[in-house]
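Visitor: Provided herewith: query21.txt, compact mmCIF, C-alpha atoms and all ligand atoms.
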```
# COMPACT_ATOMS: atom_id res chain seq x y z
CA MET A 1 3.09 14.76 -17.10
CA SER A 2 3.79 12.84 -20.29
CA ALA A 3 0.88 12.01 -22.61
CA LEU A 4 1.01 8.38 -21.46
CA LYS A 5 0.90 9.24 -17.76
CA THR A 6 -1.96 11.67 -18.29
CA LEU A 7 -3.95 9.11 -20.25
CA LEU A 8 -3.39 6.41 -17.62
CA LYS A 9 -4.42 8.74 -14.85
CA ASP A 10 -7.55 9.82 -16.74
CA LEU A 11 -8.47 6.22 -17.58
CA GLY A 12 -8.39 5.51 -13.86
CA SER A 13 -10.70 8.35 -12.89
CA ASP A 14 -13.02 8.71 -15.88
CA ALA A 15 -15.55 5.92 -16.54
CA SER A 16 -16.70 7.24 -19.93
CA LEU A 17 -13.16 7.64 -21.15
CA GLU A 18 -12.44 4.05 -20.20
CA ARG A 19 -15.53 2.89 -22.07
CA GLU A 20 -14.47 4.87 -25.10
CA TYR A 21 -10.98 3.39 -24.82
CA GLU A 22 -12.39 -0.14 -24.73
CA GLN A 23 -14.28 0.55 -27.96
CA ASP A 24 -11.69 2.56 -29.81
CA ALA A 25 -8.33 2.65 -28.08
CA GLU A 26 -6.60 4.04 -31.16
CA ALA A 27 -8.78 7.13 -31.29
CA VAL A 28 -8.21 7.86 -27.61
CA MET A 29 -4.45 7.38 -27.91
CA GLU A 30 -4.45 9.67 -30.93
CA ARG A 31 -6.34 12.37 -29.05
CA TYR A 32 -3.90 12.18 -26.13
CA GLY A 33 -0.97 12.44 -28.53
CA LEU A 34 0.83 9.24 -27.53
CA ASP A 35 4.01 8.40 -29.42
CA ALA A 36 4.38 5.14 -31.35
CA GLU A 37 6.29 3.38 -28.58
CA ASP A 38 3.74 4.18 -25.88
CA ARG A 39 0.89 3.12 -28.16
CA GLU A 40 2.55 -0.23 -28.76
CA THR A 41 3.18 -0.72 -25.03
CA LEU A 42 -0.48 -0.03 -24.29
CA ARG A 43 -1.72 -2.29 -27.08
CA ARG A 44 0.38 -5.13 -25.67
CA ARG A 45 -0.59 -4.24 -22.09
CA ASP A 46 3.06 -4.72 -21.33
CA LEU A 47 3.05 -4.26 -17.56
CA GLU A 48 6.83 -4.09 -17.04
CA THR A 49 7.26 -1.34 -19.60
CA LEU A 50 4.13 0.49 -18.46
CA GLU A 51 5.42 0.46 -14.92
CA GLN A 52 8.70 1.91 -16.02
CA ARG A 53 7.33 4.49 -18.41
CA SER A 54 4.63 5.63 -15.99
CA GLY A 55 7.19 6.12 -13.21
CA LEU A 56 5.51 3.52 -11.00
CA ARG A 57 8.83 1.78 -10.42
CA ILE A 58 11.69 3.82 -9.18
CA THR A 59 15.17 2.42 -9.57
CA THR A 60 17.84 2.96 -6.94
CA GLU A 61 21.28 4.09 -8.07
CA ASP A 62 23.07 1.20 -6.41
CA GLY A 63 22.03 -2.21 -7.67
CA ASN A 64 19.26 -1.21 -10.06
CA LYS A 65 16.65 -2.68 -7.78
CA PRO A 66 13.20 -1.27 -8.09
CA VAL A 67 11.98 0.25 -4.85
CA LYS A 68 8.43 1.22 -4.09
CA GLY A 69 7.81 4.36 -2.15
CA TYR A 70 5.85 2.65 0.58
CA GLU A 71 8.19 -0.21 1.46
CA MET B 1 -6.51 45.49 29.22
CA SER B 2 -3.81 43.38 27.91
CA GLU B 3 -2.50 40.41 29.81
CA ALA B 4 1.16 40.05 30.44
CA VAL B 5 2.66 37.67 27.96
CA PRO B 6 5.47 35.62 29.39
CA GLU B 7 8.64 35.67 27.38
CA GLY B 8 8.78 32.90 24.80
CA ALA B 9 5.01 32.33 24.88
CA LEU B 10 4.46 33.83 21.46
CA SER B 11 6.87 31.58 19.74
CA ARG B 12 5.46 28.62 21.64
CA ASP B 13 1.99 29.53 20.38
CA ALA B 14 3.24 29.88 16.87
CA SER B 15 4.85 26.47 16.94
CA ALA B 16 1.78 24.85 18.51
CA LYS B 17 -0.13 26.00 15.43
CA GLY B 18 1.88 23.56 13.44
CA SER B 19 -0.36 20.70 12.34
CA LEU B 20 -0.26 17.48 10.40
CA VAL B 21 -2.74 15.79 8.10
CA VAL B 22 -1.86 12.44 6.55
CA VAL B 23 -3.62 11.43 3.35
CA GLY B 24 -3.64 8.36 1.10
CA THR B 25 -3.42 8.44 -2.68
CA GLY B 26 -4.87 4.92 -3.08
CA ILE B 27 -3.48 2.02 -5.05
CA GLN B 28 -4.34 3.30 -8.52
CA LEU B 29 -3.56 6.90 -9.33
CA GLY B 30 -6.62 8.93 -10.26
CA ARG B 31 -9.04 6.16 -9.44
CA HIS B 32 -8.75 5.97 -5.68
CA ILE B 33 -7.77 9.33 -4.25
CA SER B 34 -10.51 11.16 -2.35
CA GLU B 35 -11.66 14.70 -3.04
CA ARG B 36 -10.59 15.67 0.46
CA ALA B 37 -7.11 14.21 0.03
CA VAL B 38 -6.62 16.26 -3.13
CA SER B 39 -7.74 19.38 -1.36
CA GLU B 40 -5.39 18.71 1.58
CA ILE B 41 -2.54 18.34 -0.90
CA ASP B 42 -3.48 21.70 -2.43
CA ALA B 43 -3.94 23.50 0.87
CA ALA B 44 -0.87 22.40 2.88
CA GLU B 45 1.91 24.84 3.69
CA VAL B 46 4.48 22.10 3.53
CA LEU B 47 3.79 18.98 1.49
CA PHE B 48 5.76 15.75 1.91
CA THR B 49 5.22 12.58 -0.10
CA ILE B 50 6.37 9.00 0.07
CA THR B 51 5.01 7.73 -3.23
CA ASP B 52 6.13 6.29 -6.53
CA GLY B 53 7.38 8.49 -9.34
CA TRP B 54 4.06 8.59 -11.18
CA ALA B 55 2.06 9.90 -8.21
CA LEU B 56 4.90 12.25 -7.38
CA GLU B 57 4.82 13.75 -10.85
CA TRP B 58 1.07 14.21 -10.69
CA ILE B 59 1.38 15.90 -7.29
CA ARG B 60 4.27 18.03 -8.51
CA ALA B 61 2.10 19.34 -11.35
CA ARG B 62 -0.25 20.73 -8.68
CA ARG B 63 2.43 21.65 -6.16
CA ALA B 64 5.90 22.36 -7.51
CA ASP B 65 7.20 22.69 -3.94
CA VAL B 66 6.39 19.10 -2.89
CA VAL B 67 9.20 17.40 -0.97
CA SER B 68 9.64 13.71 -1.78
CA LEU B 69 10.99 11.66 1.10
CA HIS B 70 11.31 8.63 -1.12
CA GLU B 71 14.91 9.56 -1.89
CA LEU B 72 15.85 8.50 1.62
CA TYR B 73 15.39 4.81 0.75
CA ALA B 74 18.39 2.80 -0.44
CA THR B 75 19.09 -0.87 -0.96
CA GLY B 76 21.18 -2.21 1.92
CA LYS B 77 20.15 0.66 4.18
CA ASP B 78 18.17 -0.38 7.24
CA ARG B 79 14.59 0.74 6.65
CA ARG B 80 14.32 1.72 10.31
CA ARG B 81 17.04 4.34 9.79
CA THR B 82 15.20 5.64 6.73
CA TYR B 83 11.99 5.90 8.79
CA ARG B 84 13.80 7.86 11.52
CA GLU B 85 15.09 10.36 8.97
CA MET B 86 11.62 10.79 7.45
CA HIS B 87 10.13 11.24 10.88
CA ASP B 88 12.63 13.95 11.84
CA ARG B 89 12.07 15.92 8.64
CA ILE B 90 8.28 15.94 9.06
CA LEU B 91 8.27 16.69 12.78
CA GLY B 92 10.77 19.51 12.25
CA GLU B 93 8.32 21.37 10.01
CA ILE B 94 5.38 20.82 12.37
CA ARG B 95 7.43 22.17 15.26
CA ASN B 96 8.25 25.19 13.12
CA GLY B 97 4.55 26.01 13.15
CA ARG B 98 3.78 24.88 9.60
CA GLN B 99 0.64 23.16 8.38
CA VAL B 100 2.06 19.96 7.04
CA CYS B 101 0.49 17.35 4.77
CA LEU B 102 2.03 13.94 4.20
CA ALA B 103 0.73 11.98 1.22
CA LEU B 104 1.34 8.24 0.99
CA TYR B 105 0.44 5.36 -1.28
CA GLY B 106 -2.65 3.28 -0.45
CA HIS B 107 -4.28 3.83 2.92
CA PRO B 108 -1.80 5.98 4.84
CA GLY B 109 -2.34 4.12 8.11
CA ILE B 110 -1.78 0.55 6.96
CA PHE B 111 1.72 -0.82 7.49
CA ALA B 112 2.91 2.73 7.61
CA GLU B 113 5.19 3.27 10.56
CA VAL B 114 6.24 6.80 9.78
CA PRO B 115 2.82 8.50 9.81
CA HIS B 116 1.61 6.73 12.96
CA ARG B 117 4.76 7.62 14.85
CA VAL B 118 4.92 11.23 13.72
CA MET B 119 1.23 11.69 14.50
CA GLU B 120 1.68 10.30 17.98
CA GLU B 121 4.66 12.49 18.75
CA ALA B 122 3.12 15.63 17.27
CA ARG B 123 -0.07 15.00 19.27
CA GLN B 124 1.92 14.70 22.46
CA LEU B 125 3.58 18.02 21.67
CA GLY B 126 0.14 19.61 21.45
CA HIS B 127 -0.21 19.85 17.66
CA ARG B 128 -3.37 19.08 15.75
CA VAL B 129 -3.09 15.83 13.82
CA ARG B 130 -5.49 13.90 11.59
CA MET B 131 -5.45 11.07 9.10
CA GLU B 132 -7.71 10.78 6.06
CA PRO B 133 -8.29 7.13 5.11
CA GLY B 134 -7.43 5.88 1.65
CA VAL B 135 -8.04 2.86 -0.55
CA SER B 136 -5.71 0.05 0.54
CA ALA B 137 -4.46 -3.17 -1.01
CA ASP B 138 -6.84 -5.24 1.11
CA GLY B 139 -9.70 -2.93 0.14
CA CYS B 140 -8.95 -3.81 -3.50
CA LEU B 141 -8.61 -7.48 -2.63
CA TYR B 142 -12.15 -7.84 -1.27
CA ALA B 143 -13.46 -6.24 -4.43
CA ASP B 144 -11.31 -8.09 -6.97
CA LEU B 145 -11.35 -11.55 -5.40
CA GLY B 146 -14.92 -11.40 -4.11
CA LEU B 147 -13.81 -12.32 -0.60
CA ASP B 148 -15.86 -10.75 2.17
CA PRO B 149 -13.85 -10.41 5.41
CA GLY B 150 -17.10 -10.44 7.35
CA LYS B 151 -18.17 -13.83 6.08
CA ARG B 152 -15.72 -16.09 7.92
CA GLY B 153 -13.62 -13.50 9.67
CA MET B 154 -10.18 -12.41 8.60
CA GLN B 155 -6.65 -12.51 9.94
CA SER B 156 -4.04 -10.16 8.62
CA PHE B 157 -0.31 -10.22 9.36
CA GLU B 158 2.96 -8.92 8.07
CA ALA B 159 4.59 -12.10 6.72
CA THR B 160 7.88 -11.93 8.61
CA GLN B 161 6.17 -11.02 11.85
CA PHE B 162 3.80 -13.95 11.39
CA LEU B 163 6.82 -16.21 10.87
CA VAL B 164 8.98 -15.17 13.80
CA PHE B 165 6.41 -14.45 16.51
CA ASP B 166 3.93 -16.84 18.08
CA HIS B 167 1.02 -15.88 15.86
CA THR B 168 -1.38 -18.67 15.07
CA ALA B 169 -3.48 -19.05 11.93
CA ASN B 170 -7.13 -19.98 11.91
CA PRO B 171 -7.75 -21.94 8.69
CA ALA B 172 -11.52 -21.42 8.99
CA ALA B 173 -11.01 -17.69 8.37
CA LEU B 174 -9.53 -15.68 5.51
CA LEU B 175 -5.78 -15.14 5.93
CA VAL B 176 -3.94 -12.19 4.40
CA LEU B 177 -0.14 -12.01 4.60
CA TRP B 178 1.48 -8.73 3.59
CA GLN B 179 5.01 -8.15 2.35
CA VAL B 180 5.36 -11.82 1.53
CA ALA B 181 8.30 -11.09 -0.76
CA LEU B 182 10.23 -9.88 2.26
CA ALA B 183 9.41 -12.97 4.35
CA GLY B 184 12.25 -13.85 6.68
CA ASP B 185 14.16 -10.59 6.29
CA LEU B 186 15.05 -9.53 9.81
CA SER B 187 17.63 -7.05 8.60
CA CYS B 188 14.86 -4.89 7.11
CA ALA B 189 17.22 -4.05 4.27
CA ARG B 190 16.06 -6.31 1.46
CA PHE B 191 13.62 -5.42 -1.32
CA HIS B 192 13.28 -8.74 -3.18
CA ALA B 193 11.95 -12.24 -2.51
CA GLU B 194 14.19 -15.07 -1.36
CA ARG B 195 13.18 -18.70 -1.70
CA ASP B 196 14.36 -19.67 1.80
CA GLY B 197 12.25 -17.00 3.43
CA VAL B 198 9.10 -18.09 1.60
CA GLN B 199 9.91 -21.75 2.36
CA ALA B 200 10.14 -20.93 6.08
CA LEU B 201 6.77 -19.22 5.87
CA VAL B 202 5.26 -22.25 4.15
CA ASN B 203 6.74 -24.53 6.84
CA LYS B 204 4.98 -22.52 9.50
CA LEU B 205 1.69 -22.43 7.58
CA ARG B 206 1.84 -26.22 7.26
CA ARG B 207 1.05 -26.41 11.01
CA TRP B 208 -2.54 -25.51 10.13
CA TYR B 209 -2.91 -26.04 6.39
CA PRO B 210 -2.46 -29.13 4.18
CA ALA B 211 0.21 -28.86 1.45
CA ASP B 212 -2.41 -28.66 -1.29
CA THR B 213 -4.32 -25.71 0.20
CA GLU B 214 -5.26 -23.20 -2.46
CA CYS B 215 -3.42 -19.90 -2.07
CA ILE B 216 -3.73 -16.73 -4.11
CA LEU B 217 -0.87 -14.42 -5.02
CA TYR B 218 -2.65 -11.13 -5.36
CA GLU B 219 -1.56 -7.87 -6.95
CA ALA B 220 -4.11 -5.10 -7.33
CA ALA B 221 -3.82 -3.27 -10.64
CA GLN B 222 -1.96 -0.01 -10.30
CA ILE B 223 -2.51 0.85 -13.93
CA PRO B 224 -6.02 0.96 -15.43
CA VAL B 225 -5.64 -1.06 -18.62
CA THR B 226 -3.89 -3.98 -16.94
CA PRO B 227 -5.66 -6.76 -15.02
CA PHE B 228 -5.05 -7.52 -11.37
CA ARG B 229 -2.99 -10.64 -10.58
CA ALA B 230 -4.72 -13.53 -8.84
CA ASP B 231 -2.52 -16.58 -9.36
CA ARG B 232 -3.96 -19.60 -7.64
CA LEU B 233 -1.48 -22.22 -6.51
CA ARG B 234 -0.91 -24.83 -3.85
CA LEU B 235 0.72 -23.91 -0.57
CA ASP B 236 3.73 -26.13 -1.31
CA GLU B 237 4.26 -24.37 -4.66
CA LEU B 238 4.78 -20.97 -3.06
CA PRO B 239 8.58 -21.13 -2.64
CA ASP B 240 9.01 -21.37 -6.40
CA ALA B 241 6.48 -18.72 -7.35
CA GLU B 242 7.28 -15.21 -8.54
CA TYR B 243 6.95 -12.29 -6.21
CA ARG B 244 7.05 -8.57 -6.45
CA GLN B 245 7.37 -6.17 -3.57
CA TYR B 246 3.66 -5.54 -3.74
CA THR B 247 2.47 -9.16 -3.85
CA THR B 248 0.04 -10.09 -1.08
CA LEU B 249 -0.54 -13.72 -0.12
CA VAL B 250 -4.18 -14.63 0.38
CA ILE B 251 -5.41 -17.94 1.77
CA PRO B 252 -9.20 -18.26 1.56
CA PRO B 253 -10.99 -20.15 4.34
CA ALA B 254 -9.70 -23.73 4.05
CA ARG B 255 -12.12 -25.51 6.33
CA GLU B 256 -15.61 -25.08 7.77
CA MET B 257 -16.11 -23.16 11.00
CA GLU B 258 -16.83 -25.28 14.03
CA ALA B 259 -19.30 -24.51 16.79
CA ASP B 260 -18.04 -23.33 20.18
CA PRO B 261 -20.29 -25.06 22.73
CA GLU B 262 -19.11 -22.84 25.58
CA GLY B 263 -19.94 -19.62 23.72
CA LEU B 264 -23.31 -21.08 22.76
CA ALA B 265 -24.07 -22.20 26.31
CA ASP B 266 -23.35 -18.68 27.58
CA ILE B 267 -26.24 -17.36 25.54
CA GLY B 268 -28.45 -20.28 26.47
CA ALA B 269 -28.22 -21.89 23.03
CA ASP B 270 -26.91 -25.15 21.63
CA VAL B 271 -25.51 -26.34 18.32
CA GLN B 272 -28.96 -26.74 16.79
CA ALA B 273 -29.44 -22.98 17.05
CA LEU B 274 -26.66 -22.56 14.47
CA GLU B 275 -28.66 -24.31 11.79
CA LYS B 276 -30.90 -21.28 11.64
CA VAL B 277 -28.00 -18.77 11.40
C1 LIG C 1 4.18 -1.43 3.47
S1 LIG C 1 2.71 -2.18 2.92
C2 LIG C 1 1.79 -0.76 2.45
C3 LIG C 1 0.31 -0.98 2.36
C4 LIG C 1 -0.42 0.26 1.88
N1 LIG C 1 -0.30 1.34 2.84
C5 LIG C 1 -1.89 -0.02 1.64
O1 LIG C 1 -2.72 0.77 2.08
O2 LIG C 1 -2.22 -1.01 0.98
C6 LIG C 1 3.23 -2.95 1.46
C7 LIG C 1 2.48 -4.22 1.21
O3 LIG C 1 1.14 -3.90 0.85
C8 LIG C 1 0.66 -4.84 -0.07
N2 LIG C 1 0.40 -4.15 -1.35
C9 LIG C 1 0.78 -2.92 -1.71
N3 LIG C 1 0.38 -2.66 -2.97
C10 LIG C 1 -0.29 -3.75 -3.40
C11 LIG C 1 -0.95 -4.10 -4.61
N4 LIG C 1 -0.99 -3.27 -5.66
N5 LIG C 1 -1.52 -5.32 -4.67
C12 LIG C 1 -1.48 -6.18 -3.64
N6 LIG C 1 -0.89 -5.90 -2.49
C13 LIG C 1 -0.29 -4.70 -2.36
C14 LIG C 1 1.78 -5.88 -0.26
O4 LIG C 1 1.57 -6.92 0.67
C15 LIG C 1 3.00 -5.05 0.08
O5 LIG C 1 4.10 -5.86 0.45
```
Is it possible to give me this structure as structure tokens?
Ligand SMILES: C[S@@+](CC[C@H](N)C(=O)[O-])C[C@H]1O[C@@H](n2cnc3c(N)ncnc32)[C@H](O)[C@@H]1O
Guide:
Amino acid sequence: MSALKTLLKDLGSDASLEREYEQDAEAVMERYGLDAEDRETLRRRDLETLEQRSGLRITTEDGNKPVKGYE
Amino acid sequence: MSEAVPEGALSRDASAKGSLVVVGTGIQLGRHISERAVSEIDAAEVLFTITDGWALEWIRARRADVVSLHELYATGKDRRRTYREMHDRILGEIRNGRQVCLALYGHPGIFAEVPHRVMEEARQLGHRVRMEPGVSADGCLYADLGLDPGKRGMQSFEATQFLVFDHTANPAALLVLWQVALAGDLSCARFHAERDGVQALVNKLRRWYPADTECILYEAAQIPVTPFRADRLRLDELPDAEYRQYTTLVIPPAREMEADPEGLADIGADVQALEKV
């Protein structure tokens, strides 16, 4: 998994990591080795981009419509 | 002494060993999945998933041989055909005697036709089947919105079904409408919201609710650093609101509960007894 996906997954499961992130997001992002673009996306909490870069939204070939796995 | 084994019995036994366990990965990856679900994913002989790309990648890192059934979806393709294809793939492996795990988003038994149908059929064929519960969208809703379904009762419907069948709403209870973005889509082939569909839903809701009833468009956070969505708006504003495929419409209790004298009389009580409840 990419550094971003791993960090997001860990932030979901690890309470201390999330606390640390709330206090010093930059240090956590540094440790996880996020690239500049992902850091900026996280700082802005840009949901659209996060959804795309995390793989949460899958795009179909025909029509570019996002489709969720469960629909 | 060995018993005579009828011809074909061995292969029948082998195929009856095929089993199915269905697990949920929850709404937020990493946060919601149970220890047991992870271990079922690790232990299965054949692993199928119907999840988003993020969960799939995480699962693939544990199990390179995971088979994603998500690819069977396509815009314009009838979802019922997609479900049939998924069903056949899963059942085929169970009948081949394999221990199959199917991992799905959220709670795997909520609005999830494929697992319920495959489980039923596999059970009838004599296979062992089981479902492990997961964290669902409504589970997140009670937590995020502070709405207790036990307080006033709760009704829960798929939005299009609510619209086109003779369901009735009880405005004294909490109402949850799922797949609101797909309201009015009888073709089962659409993946986006259409104003007319939502308007039709609002028209039906107006039978029980005033136009200014407070509604909540709810989206549980699927990513940890982002907040959940809880946009509060009036019922008559819904047609112009923004929807995503995973938006759930929530209408909190809109009026007080009223006493049922008949029910009270049956237990030898009257309305005054309710003052103490
Ligand atoms: C086919 S159902 C699947 C439900 C899923 N199995 C579960 O356990 O929540 C899809 C609907 O669930 C609801 N849903 C799914 N994800 C959601 C989320 N993150 N927030 C709010 N509602 C969600 C929406 O109503 C969506 O249209």
Visitor: Could you list the protein, DNA and RNA residues that have any atom within 10 Å of ligand LIG 1 (chain C), counting all atoms listed in the file, and write them as a ChimeraX atom specification?
Guide: /A:68-71 /B:24-28,104-113,133-141,157-159,176-183,191,217-223,228-230,243-250
Visitor: I'd like the contact shell of segment 8-25 of chain A - 12 Å cut-off, all atoms listed in the file, skipping same-chain residues fewer than 3 positions apart - returned as a PyMOL selection string.
Guide: (chain A and resi 1-5+28-32+34+38-40+42-45+50-51+53-56) or (chain B and resi 26-35+54-55+57-59+221-226)
Visitor: Pick from B:Val277, B:Leu186, B:Val46, B:Met154: nearest to Pro253 of chain B, with only C-alpha atoms counted?
Guide: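 Smallest distance to Pro253 of chain B is found for B:Met154.
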Visitor: Anything within 6 Å of (6.2, -1.9, -19.8): list those residues as a PyMOL selection string, counting only C-alpha atoms and sticking to the file's coordinates.
Guide: chain A and resi 46-52
Visitor: Can I get the selected residues back with C-alpha atoms, as a PDB file, in the frame of the given file?
Guide:
```
ATOM      1  CA  ASP A  46       3.060  -4.720 -21.330  1.00  0.00           C
ATOM      2  CA  LEU A  47       3.050  -4.260 -17.560  1.00  0.00           C
ATOM      3  CA  GLU A  48       6.830  -4.090 -17.040  1.00  0.00           C
ATOM      4  CA  THR A  49       7.260  -1.340 -19.600  1.00  0.00           C
ATOM      5  CA  LEU A  50       4.130   0.490 -18.460  1.00  0.00           C
ATOM      6  CA  GLU A  51       5.420   0.460 -14.920  1.00  0.00           C
ATOM      7  CA  GLN A  52       8.700   1.910 -16.020  1.00  0.00           C
TER       8      GLN A  52
END
```
Visitor: Do you know which residues are at most 6 Å from Cys215 of chain B counting all atoms listed in the file, after dropping those on the same chain fewer than 2 positions away, and could you put them as a PDB file with C-alpha atoms, in the frame of the given file?
Guide:
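So out-v5.pdb came out as:
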```pdb
ATOM      1  CA  ARG B 232      -3.960 -19.600  -7.640  1.00  0.00           C
ATOM      2  CA  LEU B 233      -1.480 -22.220  -6.510  1.00  0.00           C
ATOM      3  CA  ARG B 234      -0.910 -24.830  -3.850  1.00  0.00           C
ATOM      4  CA  LEU B 235       0.720 -23.910  -0.570  1.00  0.00           C
ATOM      5  CA  VAL B 250      -4.180 -14.630   0.380  1.00  0.00           C
ATOM      6  CA  ILE B 251      -5.410 -17.940   1.770  1.00  0.00           C
TER       7      ILE B 251
END
```
Visitor: As a VMD selection string, please: the residues near Phe162 of chain B (cut-off 9 Å, only C-alpha atoms, same-chain neighbours under 5 positions excluded).
Guide: chain B and resid 157 167 to 169 177 201 204
Visitor: What is the atom CA of Ala16 of chain B to atom CA of Val67 of chain B distance in Å?
Guide: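 Distance between the two atoms: 22.1 Å.
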Visitor: What does the distance from atom CA of Leu69 of chain B to atom CA of Val38 of chain B come to in Å, to one decimal?
Guide: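 Separating atom CA of Leu69 of chain B from atom CA of Val38 of chain B is a distance of 18.7 Å.
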Visitor: What is the distance, in Å and to one decimal place, between atom CA of Val23 of chain B and atom CA of Gly146 of chain B?
Guide: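 If I compute the distance from atom CA of Val23 of chain B to atom CA of Gly146 of chain B, I get 26.5 Å.
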Visitor: Which one is closest to chain A: B:Pro171, B:Pro227, B:Pro149, B:Gly184? Count all atoms listed in the file.
Guide: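 That would be B:Pro227, the residue with the smallest distance to chain A.
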Visitor: Which neighbours of Asn170 of chain B fall inside 12 Å, counting all atoms listed in the file, when residues of the same chain fewer than 4 positions from it are skipped, and could you give them as a PyMOL selection string?
Guide: chain B and resi 152-156+174-176+205-209+251-258
Visitor: Missing atoms in segment 32-38 of chain A should be modelled up to all heavy atoms and reported as a PDB file, keeping the file's coordinate frame.
Guide:
```
ATOM      1  N   TYR A  32      -4.839  11.849 -27.218  1.00  0.00           N
ATOM      2  CA  TYR A  32      -3.900  12.180 -26.130  1.00  0.00           C
ATOM      3  C   TYR A  32      -2.476  12.409 -26.651  1.00  0.00           C
ATOM      4  O   TYR A  32      -1.589  12.758 -25.888  1.00  0.00           O
ATOM      5  CB  TYR A  32      -3.915  11.091 -25.058  1.00  0.00           C
ATOM      6  CG  TYR A  32      -4.990  11.324 -24.017  1.00  0.00           C
ATOM      7  CD1 TYR A  32      -6.327  11.066 -24.295  1.00  0.00           C
ATOM      8  CD2 TYR A  32      -4.670  11.846 -22.759  1.00  0.00           C
ATOM      9  CE1 TYR A  32      -7.313  11.293 -23.349  1.00  0.00           C
ATOM     10  CE2 TYR A  32      -5.654  12.074 -21.803  1.00  0.00           C
ATOM     11  CZ  TYR A  32      -6.968  11.794 -22.104  1.00  0.00           C
ATOM     12  OH  TYR A  32      -7.936  12.025 -21.154  1.00  0.00           O
ATOM     13  N   GLY A  33      -2.284  12.163 -27.944  1.00  0.00           N
ATOM     14  CA  GLY A  33      -0.970  12.440 -28.530  1.00  0.00           C
ATOM     15  C   GLY A  33       0.141  11.495 -28.102  1.00  0.00           C
ATOM     16  O   GLY A  33       1.293  11.905 -27.920  1.00  0.00           O
ATOM     17  N   LEU A  34      -0.199  10.213 -27.932  1.00  0.00           N
ATOM     18  CA  LEU A  34       0.830   9.240 -27.530  1.00  0.00           C
ATOM     19  C   LEU A  34       1.788   8.951 -28.679  1.00  0.00           C
ATOM     20  O   LEU A  34       1.357   8.871 -29.833  1.00  0.00           O
ATOM     21  CB  LEU A  34       0.162   7.922 -27.108  1.00  0.00           C
ATOM     22  CG  LEU A  34      -0.025   7.729 -25.608  1.00  0.00           C
ATOM     23  CD1 LEU A  34      -0.914   8.816 -25.046  1.00  0.00           C
ATOM     24  CD2 LEU A  34      -0.620   6.358 -25.319  1.00  0.00           C
ATOM     25  N   ASP A  35       3.064   8.751 -28.354  1.00  0.00           N
ATOM     26  CA  ASP A  35       4.010   8.400 -29.420  1.00  0.00           C
ATOM     27  C   ASP A  35       3.886   6.903 -29.748  1.00  0.00           C
ATOM     28  O   ASP A  35       3.213   6.153 -29.028  1.00  0.00           O
ATOM     29  CB  ASP A  35       5.448   8.803 -29.047  1.00  0.00           C
ATOM     30  CG  ASP A  35       5.999   8.036 -27.853  1.00  0.00           C
ATOM     31  OD1 ASP A  35       5.525   6.903 -27.598  1.00  0.00           O
ATOM     32  OD2 ASP A  35       6.893   8.567 -27.171  1.00  0.00           O
ATOM     33  N   ALA A  36       4.544   6.509 -30.828  1.00  0.00           N
ATOM     34  CA  ALA A  36       4.380   5.140 -31.350  1.00  0.00           C
ATOM     35  C   ALA A  36       4.749   4.092 -30.295  1.00  0.00           C
ATOM     36  O   ALA A  36       4.069   3.072 -30.140  1.00  0.00           O
ATOM     37  CB  ALA A  36       5.232   4.965 -32.602  1.00  0.00           C
ATOM     38  N   GLU A  37       5.815   4.353 -29.559  1.00  0.00           N
ATOM     39  CA  GLU A  37       6.290   3.380 -28.580  1.00  0.00           C
ATOM     40  C   GLU A  37       5.269   3.176 -27.457  1.00  0.00           C
ATOM     41  O   GLU A  37       4.960   2.046 -27.070  1.00  0.00           O
ATOM     42  CB  GLU A  37       7.621   3.874 -27.995  1.00  0.00           C
ATOM     43  CG  GLU A  37       8.427   2.780 -27.359  1.00  0.00           C
ATOM     44  CD  GLU A  37       9.747   3.306 -26.798  1.00  0.00           C
ATOM     45  OE1 GLU A  37      10.265   4.313 -27.344  1.00  0.00           O
ATOM     46  OE2 GLU A  37      10.217   2.739 -25.817  1.00  0.00           O
ATOM     47  N   ASP A  38       4.732   4.279 -26.950  1.00  0.00           N
ATOM     48  CA  ASP A  38       3.740   4.180 -25.880  1.00  0.00           C
ATOM     49  C   ASP A  38       2.475   3.488 -26.380  1.00  0.00           C
ATOM     50  O   ASP A  38       1.851   2.707 -25.658  1.00  0.00           O
ATOM     51  CB  ASP A  38       3.404   5.568 -25.328  1.00  0.00           C
ATOM     52  CG  ASP A  38       4.498   6.082 -24.395  1.00  0.00           C
ATOM     53  OD1 ASP A  38       5.280   5.249 -23.896  1.00  0.00           O
ATOM     54  OD2 ASP A  38       4.572   7.298 -24.176  1.00  0.00           O
TER      55      ASP A  38
END
```
